[in-house]
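**Q** Below: one structure in C-alpha cells.
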Amino acid sequence: FISIHEQCEIRNELPSIAYGHAGCSGKWKRQPLDALIDRHPDVVAALQAGESVERWVGYNADEEHRLSRLLERKDAYQWRAPLAEWDVDRDEARQIIKCKGLPLPGKSACWLCPASKPAEVLRLKADHPQLFERALAIEAGADLDTIQGLGRSFSWAELDRQGQMFAVELVDLDEDMPCGCST
C-alpha cells in the first residue's frame, strides 16, 4: 500500500480529481475498506457458513443517486443505508447528532483533496500547517499543464499568497459535508 500523497510525490502529479478524473474515493477509501472487511475472520466465517452479512452505509435520504448504485451492487453482502430507509435527510441527521451531544463529522476527504473549497484550504493551513506545506510542495512538483493547481481552477499557493481576494472566512465548515468528490 502506498498513500495518495506518497503516490503524488513519486509520480509528480496531483490526485486524479484535480485533472477531472474520478477514482480517489474508490482507490483510497472504498477499496482498502472492502479489503479489510473481506478478510475479517467473522465475515469470512459467516459467508462460509452461508450466512447473510449486512454492510451499512451512511447515505441519507437526499442521496438517491448514491443509494441506487449501492443497492445495485452484486457481491457477497446485503447492502443497507438505514438513514435512507428511515427517510432521514442530511439536516435531520445533523440534528440527531447534535441532540445526542456528539460532534458533527467533517467531510470525508483527504487533506490535499482538489475538491476542497478555499475556506477548507485555509482551515488546513491554520490547523495543520505542516500538511498544508506538504500539499504546496506536491502542487509545485506536479504536472500542471491543464489545470491551475490543487484547486483545479486555482492553485493553493496562489490562494495562500492572495487569500484576501478570495474573501473567505474560517467559519464552521460542517455545512460542507459530505465530500462531493464521489458524485
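Chain labels run A, B, ... following the order of the C-alpha cells; each chain numbers its residues from 1, and ligands are numbered from 1 in the order shown.
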If we count only C-alpha atoms, what is near Ile17 in chain A at a cut-off of 10 Å, once residues fewer than 4 positions away on the same chain are taken out, given as a PyMOL selection string?

**A** chain A and resi 21-25+113-115+150-152+181-182

**Q** Could you pull the residues within 10 Å of Ser155 in chain A, counting only C-alpha atoms, minus those fewer than 4 positions along the same chain, as an NGL selection string?

**A** :A and (114 or 118 or 136 or 139-140 or 144 or 147-151 or 159-161)

**Q** I need the chosen residues saved as a PDB file, in the first residue's frame, with N, CA, C and O atoms.

**A**
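The result, stored in out_11.pdb:
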ATOM      1  N   PRO A 114      -8.484  17.969  -4.050  1.00  0.00           N
ATOM      2  CA  PRO A 114      -8.737  19.054  -5.001  1.00  0.00           C
ATOM      3  C   PRO A 114     -10.179  19.573  -4.980  1.00  0.00           C
ATOM      4  O   PRO A 114     -10.448  20.633  -5.527  1.00  0.00           O
ATOM      5  N   PRO A 118     -11.910  27.029  -0.939  1.00  0.00           N
ATOM      6  CA  PRO A 118     -10.876  27.912  -0.384  1.00  0.00           C
ATOM      7  C   PRO A 118     -10.889  27.995   1.141  1.00  0.00           C
ATOM      8  O   PRO A 118      -9.829  27.965   1.768  1.00  0.00           O
ATOM      9  N   LEU A 136       1.460  22.130  -0.659  1.00  0.00           N
ATOM     10  CA  LEU A 136       2.048  23.127  -1.565  1.00  0.00           C
ATOM     11  C   LEU A 136       3.246  22.542  -2.305  1.00  0.00           C
ATOM     12  O   LEU A 136       3.437  22.816  -3.497  1.00  0.00           O
ATOM     13  N   GLU A 139       1.906  20.247  -4.981  1.00  0.00           N
ATOM     14  CA  GLU A 139       1.367  21.069  -6.070  1.00  0.00           C
ATOM     15  C   GLU A 139       2.497  21.638  -6.925  1.00  0.00           C
ATOM     16  O   GLU A 139       2.440  21.602  -8.153  1.00  0.00           O
ATOM     17  N   ALA A 140       3.560  22.123  -6.271  1.00  0.00           N
ATOM     18  CA  ALA A 140       4.686  22.727  -7.000  1.00  0.00           C
ATOM     19  C   ALA A 140       5.424  21.710  -7.858  1.00  0.00           C
ATOM     20  O   ALA A 140       5.949  22.052  -8.921  1.00  0.00           O
ATOM     21  N   LEU A 144       1.182  20.556 -14.255  1.00  0.00           N
ATOM     22  CA  LEU A 144       0.009  21.425 -14.214  1.00  0.00           C
ATOM     23  C   LEU A 144      -0.320  22.018 -15.585  1.00  0.00           C
ATOM     24  O   LEU A 144      -0.834  23.124 -15.673  1.00  0.00           O
ATOM     25  N   ILE A 147      -4.291  22.366 -15.709  1.00  0.00           N
ATOM     26  CA  ILE A 147      -5.009  22.916 -14.562  1.00  0.00           C
ATOM     27  C   ILE A 147      -4.139  23.954 -13.866  1.00  0.00           C
ATOM     28  O   ILE A 147      -2.945  24.044 -14.125  1.00  0.00           O
ATOM     29  N   GLN A 148      -4.756  24.715 -12.956  1.00  0.00           N
ATOM     30  CA  GLN A 148      -4.026  25.755 -12.227  1.00  0.00           C
ATOM     31  C   GLN A 148      -3.278  25.206 -11.018  1.00  0.00           C
ATOM     32  O   GLN A 148      -2.238  25.735 -10.650  1.00  0.00           O
ATOM     33  N   GLY A 149      -3.835  24.163 -10.391  1.00  0.00           N
ATOM     34  CA  GLY A 149      -3.217  23.608  -9.197  1.00  0.00           C
ATOM     35  C   GLY A 149      -4.174  22.705  -8.461  1.00  0.00           C
ATOM     36  O   GLY A 149      -5.128  22.195  -9.044  1.00  0.00           O
ATOM     37  N   LEU A 150      -3.934  22.511  -7.174  1.00  0.00           N
ATOM     38  CA  LEU A 150      -4.769  21.622  -6.386  1.00  0.00           C
ATOM     39  C   LEU A 150      -6.233  22.054  -6.371  1.00  0.00           C
ATOM     40  O   LEU A 150      -7.122  21.220  -6.202  1.00  0.00           O
ATOM     41  N   GLY A 151      -6.498  23.319  -6.530  1.00  0.00           N
ATOM     42  CA  GLY A 151      -7.882  23.798  -6.572  1.00  0.00           C
ATOM     43  C   GLY A 151      -8.495  23.679  -7.948  1.00  0.00           C
ATOM     44  O   GLY A 151      -9.562  24.226  -8.202  1.00  0.00           O
ATOM     45  N   LEU A 159      -3.730  30.930  -3.618  1.00  0.00           N
ATOM     46  CA  LEU A 159      -4.694  31.203  -2.546  1.00  0.00           C
ATOM     47  C   LEU A 159      -3.953  31.630  -1.284  1.00  0.00           C
ATOM     48  O   LEU A 159      -4.357  32.583  -0.615  1.00  0.00           O
ATOM     49  N   ASP A 160      -2.856  30.971  -0.987  1.00  0.00           N
ATOM     50  CA  ASP A 160      -2.066  31.314   0.191  1.00  0.00           C
ATOM     51  C   ASP A 160      -1.498  32.731   0.068  1.00  0.00           C
ATOM     52  O   ASP A 160      -1.517  33.497   1.024  1.00  0.00           O
ATOM     53  N   ARG A 161      -1.027  33.079  -1.123  1.00  0.00           N
ATOM     54  CA  ARG A 161      -0.445  34.411  -1.339  1.00  0.00           C
ATOM     55  C   ARG A 161      -1.502  35.507  -1.335  1.00  0.00           C
ATOM     56  O   ARG A 161      -1.262  36.608  -0.867  1.00  0.00           O
TER      57      ARG A 161
END

**Q** With a distance cut-off of 6 Å and only C-alpha atoms, select the neighbouring residues of range 83-96 of chain A, excluding the residue or stretch itself and same-chain residues fewer than 5 positions from it, and output the selection as a VMD selection string.

**A** chain A and resid 60 to 62

**Q** Would you mind exporting C-alpha atoms of the selected residues as a JSON list (two decimals), in the first residue's frame?

**A**
[["chain", "number", "residue", "atom", "x", "y", "z"],
["A", 60, "ASN", "CA", -29.14, 9.69, 3.72],
["A", 61, "ALA", "CA", -32.49, 10.23, 2.03],
["A", 62, "ASP", "CA", -31.05, 13.09, -0.06]]

**Q** Which distance in Å separates CA of Gly50 in chain A and CA of Asp75 in chain A, to one decimal?

**A**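 Separation between CA of Gly50 in chain A and CA of Asp75 in chain A: 13.5 Å.
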
**Q** Taking only C-alpha atoms into account, which of A:Tyr59, A:Tyr19, A:Phe1, A:Trp111 comes nearest Ala35 in chain A?

**A**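 The answer is A:Phe1, which sits nearest to Ala35 in chain A.
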
**Q** Write out as an NGL selection string the set of residues from range 47-154 of chain A that DSSP, computed on the backbone, places in helix (DSSP H, G or I).

**A** :A and (47-48 or 64-71 or 82-85 or 90-99 or 118-127 or 129-141)

**Q** Mind writing the picked residues with N, CA and C atoms as a short mmCIF file (atom, residue, chain, number, x, y, z; two decimals), in the first residue's frame?

**A**
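This is the output file selection-v8.cif:
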data_model
loop_
_atom_site.label_atom_id
_atom_site.label_comp_id
_atom_site.auth_asym_id
_atom_site.auth_seq_id
_atom_site.Cartn_x
_atom_site.Cartn_y
_atom_site.Cartn_z
N LEU A 47 -19.76 -15.89 5.88
CA LEU A 47 -20.01 -16.18 4.47
C LEU A 47 -19.80 -17.65 4.17
N GLN A 48 -18.76 -18.26 4.76
CA GLN A 48 -18.51 -19.69 4.54
C GLN A 48 -19.64 -20.54 5.10
N GLU A 64 -30.14 9.89 -3.42
CA GLU A 64 -30.75 8.84 -4.23
C GLU A 64 -29.77 8.27 -5.26
N HIS A 65 -28.95 9.14 -5.87
CA HIS A 65 -28.02 8.68 -6.90
C HIS A 65 -26.99 7.72 -6.33
N ARG A 66 -26.50 7.99 -5.13
CA ARG A 66 -25.54 7.09 -4.50
C ARG A 66 -26.23 5.83 -4.00
N LEU A 67 -27.43 5.98 -3.48
CA LEU A 67 -28.18 4.85 -2.94
C LEU A 67 -28.50 3.84 -4.04
N SER A 68 -28.91 4.32 -5.21
CA SER A 68 -29.26 3.39 -6.29
C SER A 68 -28.04 2.58 -6.72
N ARG A 69 -26.87 3.21 -6.79
CA ARG A 69 -25.65 2.47 -7.14
C ARG A 69 -25.31 1.44 -6.07
N LEU A 70 -25.50 1.82 -4.81
CA LEU A 70 -25.20 0.91 -3.71
C LEU A 70 -26.08 -0.33 -3.78
N LEU A 71 -27.36 -0.13 -3.97
CA LEU A 71 -28.30 -1.25 -3.96
C LEU A 71 -28.16 -2.13 -5.20
N PRO A 82 -29.44 2.67 6.32
CA PRO A 82 -30.53 2.91 7.28
C PRO A 82 -31.08 4.32 7.28
N LEU A 83 -30.23 5.33 7.14
CA LEU A 83 -30.75 6.70 7.13
C LEU A 83 -31.75 6.89 5.99
N ALA A 84 -31.42 6.38 4.82
CA ALA A 84 -32.34 6.49 3.69
C ALA A 84 -33.60 5.67 3.95
N GLU A 85 -33.42 4.47 4.52
CA GLU A 85 -34.58 3.63 4.83
C GLU A 85 -35.53 4.33 5.79
N ARG A 90 -30.06 14.92 5.28
CA ARG A 90 -28.83 15.42 5.90
C ARG A 90 -29.12 16.34 7.08
N ASP A 91 -30.06 17.25 6.92
CA ASP A 91 -30.37 18.17 8.03
C ASP A 91 -30.87 17.42 9.26
N GLU A 92 -31.73 16.43 9.03
CA GLU A 92 -32.23 15.64 10.16
C GLU A 92 -31.10 14.84 10.82
N ALA A 93 -30.21 14.28 10.01
CA ALA A 93 -29.07 13.53 10.55
C ALA A 93 -28.20 14.44 11.41
N ARG A 94 -27.95 15.65 10.92
CA ARG A 94 -27.15 16.61 11.69
C ARG A 94 -27.84 16.94 13.02
N GLN A 95 -29.15 17.11 12.99
CA GLN A 95 -29.90 17.43 14.20
C GLN A 95 -29.83 16.28 15.20
N ILE A 96 -29.96 15.06 14.73
CA ILE A 96 -29.88 13.88 15.60
C ILE A 96 -28.50 13.83 16.27
N ILE A 97 -27.46 14.05 15.49
CA ILE A 97 -26.09 14.03 16.03
C ILE A 97 -25.93 15.10 17.10
N LYS A 98 -26.40 16.32 16.79
CA LYS A 98 -26.29 17.42 17.76
C LYS A 98 -27.09 17.13 19.03
N CYS A 99 -28.30 16.58 18.88
CA CYS A 99 -29.14 16.29 20.04
C CYS A 99 -28.51 15.25 20.95
N PRO A 118 -11.91 27.03 -0.94
CA PRO A 118 -10.88 27.91 -0.38
C PRO A 118 -10.89 28.00 1.14
N ALA A 119 -12.07 28.07 1.76
CA ALA A 119 -12.13 28.14 3.22
C ALA A 119 -11.56 26.87 3.85
N GLU A 120 -11.78 25.73 3.22
CA GLU A 120 -11.25 24.47 3.75
C GLU A 120 -9.73 24.43 3.61
N VAL A 121 -9.21 24.96 2.52
CA VAL A 121 -7.76 25.02 2.32
C VAL A 121 -7.14 25.91 3.40
N LEU A 122 -7.74 27.06 3.63
CA LEU A 122 -7.21 27.96 4.66
C LEU A 122 -7.37 27.37 6.06
N ARG A 123 -8.40 26.58 6.28
CA ARG A 123 -8.56 25.89 7.56
C ARG A 123 -7.44 24.87 7.73
N LEU A 124 -7.09 24.16 6.66
CA LEU A 124 -5.97 23.22 6.72
C LEU A 124 -4.69 23.95 7.10
N LYS A 125 -4.45 25.10 6.48
CA LYS A 125 -3.25 25.89 6.79
C LYS A 125 -3.24 26.29 8.26
N ALA A 126 -4.39 26.72 8.78
CA ALA A 126 -4.46 27.18 10.17
C ALA A 126 -4.31 26.03 11.16
N ASP A 127 -4.94 24.89 10.86
CA ASP A 127 -4.97 23.79 11.82
C ASP A 127 -3.80 22.81 11.66
N PRO A 129 -0.47 23.24 9.64
CA PRO A 129 0.45 23.93 8.72
C PRO A 129 1.46 23.01 8.04
N GLN A 130 1.89 21.95 8.71
CA GLN A 130 2.85 21.04 8.09
C GLN A 130 2.22 20.28 6.91
N LEU A 131 0.95 19.90 7.03
CA LEU A 131 0.28 19.25 5.91
C LEU A 131 0.03 20.24 4.78
N PHE A 132 -0.31 21.46 5.13
CA PHE A 132 -0.52 22.49 4.11
C PHE A 132 0.77 22.72 3.32
N GLU A 133 1.90 22.81 4.01
CA GLU A 133 3.18 23.00 3.32
C GLU A 133 3.52 21.81 2.44
N ARG A 134 3.19 20.62 2.91
CA ARG A 134 3.43 19.43 2.09
C ARG A 134 2.54 19.45 0.84
N ALA A 135 1.30 19.88 1.00
CA ALA A 135 0.40 19.99 -0.15
C ALA A 135 0.94 21.01 -1.15
N LEU A 136 1.46 22.13 -0.66
CA LEU A 136 2.05 23.13 -1.56
C LEU A 136 3.25 22.54 -2.30
N ALA A 137 4.05 21.74 -1.63
CA ALA A 137 5.21 21.11 -2.27
C ALA A 137 4.75 20.11 -3.33
N ILE A 138 3.71 19.35 -3.05
CA ILE A 138 3.17 18.40 -4.03
C ILE A 138 2.63 19.16 -5.23
N GLU A 139 1.91 20.25 -4.98
CA GLU A 139 1.37 21.07 -6.07
C GLU A 139 2.50 21.64 -6.93
N ALA A 140 3.56 22.12 -6.27
CA ALA A 140 4.69 22.73 -7.00
C ALA A 140 5.42 21.71 -7.86
N GLY A 141 5.42 20.44 -7.44
CA GLY A 141 6.13 19.42 -8.19
C GLY A 141 5.30 18.70 -9.24
#

**Q** What lies within 12 Å of Gln7 in chain A using only C-alpha atoms, ignoring chain neighbours under 6 positions off, as a list of chain:residue names?

**A**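 Once the nearby chain positions are removed, what remains is A:Phe1, A:Glu13, A:Leu14, A:Pro15, A:Ser16, A:Cys24, A:Lys27, A:Trp28, A:Ile138, A:Ala142.
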
**Q** When you draw a straight line from CA of Asp38 in chain A to CA of Ala76 in chain A, how long is it in Å?

**A**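 Pair CA of Asp38 in chain A / CA of Ala76 in chain A returns 9.3 Å.
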
**Q** Using CA of Ile4 in chain A and CA of Asp143 in chain A as the two end points, give the distance in Å to one decimal.

**A**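 So the two atoms, CA of Ile4 in chain A and CA of Asp143 in chain A, lie 15.9 Å apart.
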
**Q** Using only C-alpha atoms, pick whichever of A:Val57, A:Leu112, A:Lys100, A:His128 has the shortest atom-to-atom distance to Arg30 in chain A.

**A**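 Smallest separation from Arg30 in chain A among the options: A:Val57.
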
**Q** Measuring atom to atom with only C-alpha atoms, identify which of A:Val53, A:Pro103, A:Ser153, A:Ser116 is nearest to Ile37 in chain A.

**A**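 Counting only C-alpha atoms, the residue closest to Ile37 in chain A is A:Val53.
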